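Novice: Have a look at this one.
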Amino acid sequence: MIRKDIRIGLFGFGVVGQGLHTVLARTPGLRARIGRIGVKDRAKPRPLPAGLFTYSRHDLLQDDSLNVIVELIDDADEAYRIVTEALRRGKAVVTANKKMLAEHLPELIDLQRQTGTPLLYEAAACASLPVIRNLEEYYDNDLLESVEGIINGSTNYILTAMHHDALSFEQALSQAQALGFAESNPALDVEGLDARNKLVLLLAHAFGLVVAPTQLLTIGIDRISPLATAYAKEQGYALKLVAEARRLPGNGSVAAAVLPMLVKPEHELARVQDEYNGLITQSSFADRQFFLGRGAGAFPTASAVLSDLSALTYGYRYEYKKLHQQAHLALAPSAAELEILVTFTDAAAPNEADFRQLHEQFRSGTRGHYLTGTIGLERLAQAAWLRAPGICVVRLPGPLRAAPAAAE
Ligand SMILES: NC(=O)C1=CN([C@@H]2O[C@H](COP(=O)(O)OP(=O)(O)OC[C@H]3O[C@@H](n4cnc5c(N)ncnc54)[C@H](OP(=O)(O)O)[C@@H]3O)[C@@H](O)[C@H]2O)C=CC1
Ligand SMILES: N[C@@H](CC=O)C(=O)O
């Protein structure tokens with residue numbers, strides 16, 4: 001259905017919701033206006049007339065004059081209730097809630113098909129970068145080999161501030177929160193879970209693979225040790241939180257993970273600073289392409305919501321083309337390997353037998369210990385030592401690649 005006039009029921013009036021209000025006011029060309037706003041906290045002062053606000057989701061969902069629901073709240077469970085009810089009522093939905101999407105993607109895809117009602121979520125992956133619609137549409141006939149990049153703005157902001165401004169982790173996180181980049185629960189950012197949720201969305205639109213977030217090995221920046229930071233500095237590498245999904249040659253296996261990574265200075269991702277995101281696509285015919293832009297914050301995120309609203313005016317919806325064209329792809333961590341640096345203390349050490357090859361070993365009574373080596377992705381994910389206190393795992397430069405046994 002083509003919606004020429006959009007009457008929005010907006011849930012959430014925080015960083016992104018207020019950003020959207022401003023962005024809409026400055027975009028007169030789009031015939032969209034906010035009819036009602038659903039929020040939670042009755043005591044909070046609001047910068048708009050009180051009559052616009054309500055504390056009951058039913059006031060928006062049961063209002064037939066509102067034809068689009070924009071869901072911008074920070075509660076994934078309530079967001080799920082709002083989004084599913086809106087779709088069932090035939091209201092198109094735009095959301096930025098990657099946690100809710102990643103946790104319910106199969107059901108949400110199904111619900112769109114059953115109801116014939118669109119659910120768009122460009123803002124949920126990389127905020128202002130137009131990645132979802134590009135993966136869905138532009139690469140439709142191309143053979144996409146990989147998507148990799150920095151897809152969480154807060155952690156990139158923190159790593160940049162620690163490196164360039166010598167801030168502590170806590171100081172840098174506070175700044176990311178104050179600037180509206182971090183999730184309400186910042187553990188989602190620093191533990192890599194937000195990047196993992198976004199990677200779930202990228203996998204669906206890049207490769208037609210719908211996976212549960214828990215299937216993806218995820219390590220955040222909260223466990224980076226001073227020795228790993230010093231190693232990066234001494235080798236001249238940048239330290240970034242990188243999400244990667246890659247088709248392995250040959251057998252239709254796809255490997256995907258989120259880990260802190262050492263990046264060579266000449267690599268595109270090394271120059272992604274502050275809250276910016278950077279995503280590299282590699283495809284057989286188009287070759288390598290790099291998207292760079294703001295990955296968090298009020299206006300960048302609102303601009304992606306605006307773009308989805310505009311897309312609704314011409315009847316756009318995701319077709320999940322790759323899902324239907326799926327060329328027998330499967331998530332196969334057992335088929336992949338990677339190069340890692342592990343720093344550790346006397347209290348806990350990695351099991352050397354888990355590695356296919358060890359490259360370097362270093363022990364110091366004052367600085368701690370490290371080793372570098374090649375390890376299977378699945379072996380790493382299952383290693384008992386991975387989450388032990390005092391252990392820090394960081395990827396060395398280089399892509400996820402086929403493990404030799406799988407490559408044969
Ligand atoms: N900030 C960013 O840069 C980005 C955020 N996102 C996503 O956008 C969403 C919103 O983020 P952000 O604006 O930063 O969050 P904020 O914390 O700034 O705002 C959250 C809003 O949600 C409202 N809210 C919370 N629970 C409920 C509820 N049960 N019913 C109704 N309203 C509720 C709050 O109401 P009240 O005002 O009453 O407290 C508040 O207005 C999240 O899903 C986030 O992951 C996506 C991309 C970037
Ligand atoms: N907390 C998120 C917000 C945008 O998605 C981030 O920092 O990337």
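FYI, nothing fancy with the structure tokens labels: chains A, B, ... in order, residues from 1 per chain, ligands from 1 as they appear.
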List all protein, DNA and RNA residues that have at least one atom no more than 8 Å from any atom of ligand 2, counting only C-alpha atoms and all ligand atoms, and write them as an NGL selection string.

Specialist: :A and (96 or 98 or 123-127 or 151-156 or 176 or 181-183 or 186 or 188-189 or 194-195 or 275 or 277 or 295-297 or 301)

Novice: Show me, as a PDB file with C-alpha atoms, in the first residue's frame, the residues that have an atom within 12 Å of Asn197 of chain A when counting only C-alpha atoms, minus same-chain residues fewer than 3 positions from it.

Specialist:
ATOM      1  CA  ALA A  76      13.043  -4.569  23.779  1.00  0.00           C
ATOM      2  CA  ALA A  96      15.456   1.195  15.450  1.00  0.00           C
ATOM      3  CA  ASN A  97      15.386  -1.571  18.048  1.00  0.00           C
ATOM      4  CA  LYS A  98      18.075  -4.035  16.974  1.00  0.00           C
ATOM      5  CA  LYS A  99      17.838  -6.078  20.181  1.00  0.00           C
ATOM      6  CA  MET A 100      14.136  -6.725  19.654  1.00  0.00           C
ATOM      7  CA  LEU A 101      14.666  -7.451  15.948  1.00  0.00           C
ATOM      8  CA  ALA A 102      17.587  -9.833  16.459  1.00  0.00           C
ATOM      9  CA  GLU A 103      15.756 -11.761  19.169  1.00  0.00           C
ATOM     10  CA  HIS A 104      12.548 -12.193  17.130  1.00  0.00           C
ATOM     11  CA  LEU A 105      13.603 -11.997  13.497  1.00  0.00           C
ATOM     12  CA  ALA A 124      18.796  -0.497  13.589  1.00  0.00           C
ATOM     13  CA  ALA A 125      22.066  -1.307  11.809  1.00  0.00           C
ATOM     14  CA  CYS A 126      24.781   1.360  11.615  1.00  0.00           C
ATOM     15  CA  ILE A 151      28.992  -1.379  13.585  1.00  0.00           C
ATOM     16  CA  ASN A 152      28.771  -0.002  17.120  1.00  0.00           C
ATOM     17  CA  LEU A 188      24.978  -4.068  25.393  1.00  0.00           C
ATOM     18  CA  ASP A 189      27.583  -1.848  23.739  1.00  0.00           C
ATOM     19  CA  GLU A 191      30.109  -6.479  25.730  1.00  0.00           C
ATOM     20  CA  GLY A 192      29.654  -6.512  21.955  1.00  0.00           C
ATOM     21  CA  LEU A 193      25.980  -7.539  22.153  1.00  0.00           C
ATOM     22  CA  ASP A 194      24.678  -4.543  20.228  1.00  0.00           C
ATOM     23  CA  VAL A 200      22.140 -10.812  12.888  1.00  0.00           C
ATOM     24  CA  LEU A 201      20.356  -8.242  10.685  1.00  0.00           C
ATOM     25  CA  LEU A 202      23.273  -7.998   8.253  1.00  0.00           C
ATOM     26  CA  LEU A 203      23.396 -11.799   7.915  1.00  0.00           C
ATOM     27  CA  ALA A 204      19.707 -11.898   7.009  1.00  0.00           C
ATOM     28  CA  VAL A 210      18.450 -15.985   9.873  1.00  0.00           C
ATOM     29  CA  VAL A 211      20.356 -16.938  13.003  1.00  0.00           C
ATOM     30  CA  ALA A 212      19.827 -16.531  16.727  1.00  0.00           C
ATOM     31  CA  PRO A 213      22.148 -13.921  18.275  1.00  0.00           C
ATOM     32  CA  THR A 214      23.526 -16.560  20.639  1.00  0.00           C
ATOM     33  CA  GLN A 215      24.918 -18.505  17.675  1.00  0.00           C
ATOM     34  CA  LEU A 216      27.525 -15.802  17.055  1.00  0.00           C
ATOM     35  CA  LEU A 217      30.789 -15.725  18.989  1.00  0.00           C
ATOM     36  CA  THR A 218      30.832 -12.316  20.648  1.00  0.00           C
ATOM     37  CA  ALA A 243      31.900  -7.641  13.212  1.00  0.00           C
ATOM     38  CA  ALA A 256      30.447 -14.764  11.536  1.00  0.00           C
ATOM     39  CA  ALA A 257      31.665 -13.241  14.783  1.00  0.00           C
ATOM     40  CA  VAL A 258      32.187 -10.031  16.752  1.00  0.00           C
TER      41      VAL A 258
END

Novice: Based on the backbone DSSP call, show me all residues of segment 303-400 of chain A assigned alpha helix (DSSP H), as number ranges by chain.

Specialist: A: 303-313, 321-325, 377-382

Novice: Excluding segment 225-230 of chain A and residues on its chain fewer than 4 positions from it, collect all residues at most 9 Å away from it, counting only C-alpha atoms, and give them as number ranges by chain.

Specialist: A: 234-235, 239, 341-344, 367-370, 390-394

Novice: Given only C-alpha atoms and all ligand atoms as the basis, pick out the residue of A:Leu371, A:Leu259, A:Ala245, A:Ile82 nearest to ligand 1.

Specialist: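 Looking at the shortest contact to ligand 1, the residue is A:Ile82.
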
Novice: For segment 133-136 of chain A, find every residue with an atom within 8 Å (counting only C-alpha atoms), except residues of its own chain fewer than 2 positions away, and show them as a list in words.

Specialist: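 Result of the neighbour search: Glu122, Pro130, Val131, Tyr138, Tyr139, Asp140, Leu202, His205, Ala206, Tyr318, Glu319, Tyr320, Lys321 and Lys322 of chain A.
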
Novice: Write out as a list in words which residues come within 10 Å of Gly278 of chain A when counting only C-alpha atoms, dropping same-chain ones fewer than 5 positions away.

Specialist: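 Listing them by chain and then by number gives Cys126, Leu129, Glu148, Gly149, Ile150, Ile151, Asn152, Gly153, Val242, Glu268, Leu269, Ala270, Arg271, Val272, Gln273, Phe290, Phe291, Leu292, Gly293, Arg294 and Gly295 of chain A.
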
Novice: Residues of the last selection are to be written out with C-alpha atoms, as a PDB file, in the first residue's frame.

Specialist:
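Done, and the output landed in out-v4.pdb:
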ATOM      1  CA  CYS A 126      24.781   1.360  11.615  1.00  0.00           C
ATOM      2  CA  LEU A 129      24.640   4.300   6.974  1.00  0.00           C
ATOM      3  CA  GLU A 148      32.778  -6.624   7.844  1.00  0.00           C
ATOM      4  CA  GLY A 149      33.109  -3.506   9.853  1.00  0.00           C
ATOM      5  CA  ILE A 150      32.699  -1.322  12.872  1.00  0.00           C
ATOM      6  CA  ILE A 151      28.992  -1.379  13.585  1.00  0.00           C
ATOM      7  CA  ASN A 152      28.771  -0.002  17.120  1.00  0.00           C
ATOM      8  CA  GLY A 153      29.358   3.714  17.561  1.00  0.00           C
ATOM      9  CA  VAL A 242      34.905  -5.625  14.349  1.00  0.00           C
ATOM     10  CA  GLU A 268      39.880   1.354   5.872  1.00  0.00           C
ATOM     11  CA  LEU A 269      38.625   0.563   9.376  1.00  0.00           C
ATOM     12  CA  ALA A 270      41.698   2.123  11.013  1.00  0.00           C
ATOM     13  CA  ARG A 271      40.458   5.561   9.989  1.00  0.00           C
ATOM     14  CA  VAL A 272      36.962   5.109  11.412  1.00  0.00           C
ATOM     15  CA  GLN A 273      37.010   7.394  14.445  1.00  0.00           C
ATOM     16  CA  PHE A 290      33.305   0.973   1.960  1.00  0.00           C
ATOM     17  CA  PHE A 291      30.440   2.736   3.731  1.00  0.00           C
ATOM     18  CA  LEU A 292      31.445   5.347   6.308  1.00  0.00           C
ATOM     19  CA  GLY A 293      29.202   7.527   8.441  1.00  0.00           C
ATOM     20  CA  ARG A 294      27.850   8.320  11.867  1.00  0.00           C
ATOM     21  CA  GLY A 295      26.795   5.157  13.639  1.00  0.00           C
TER      22      GLY A 295
END
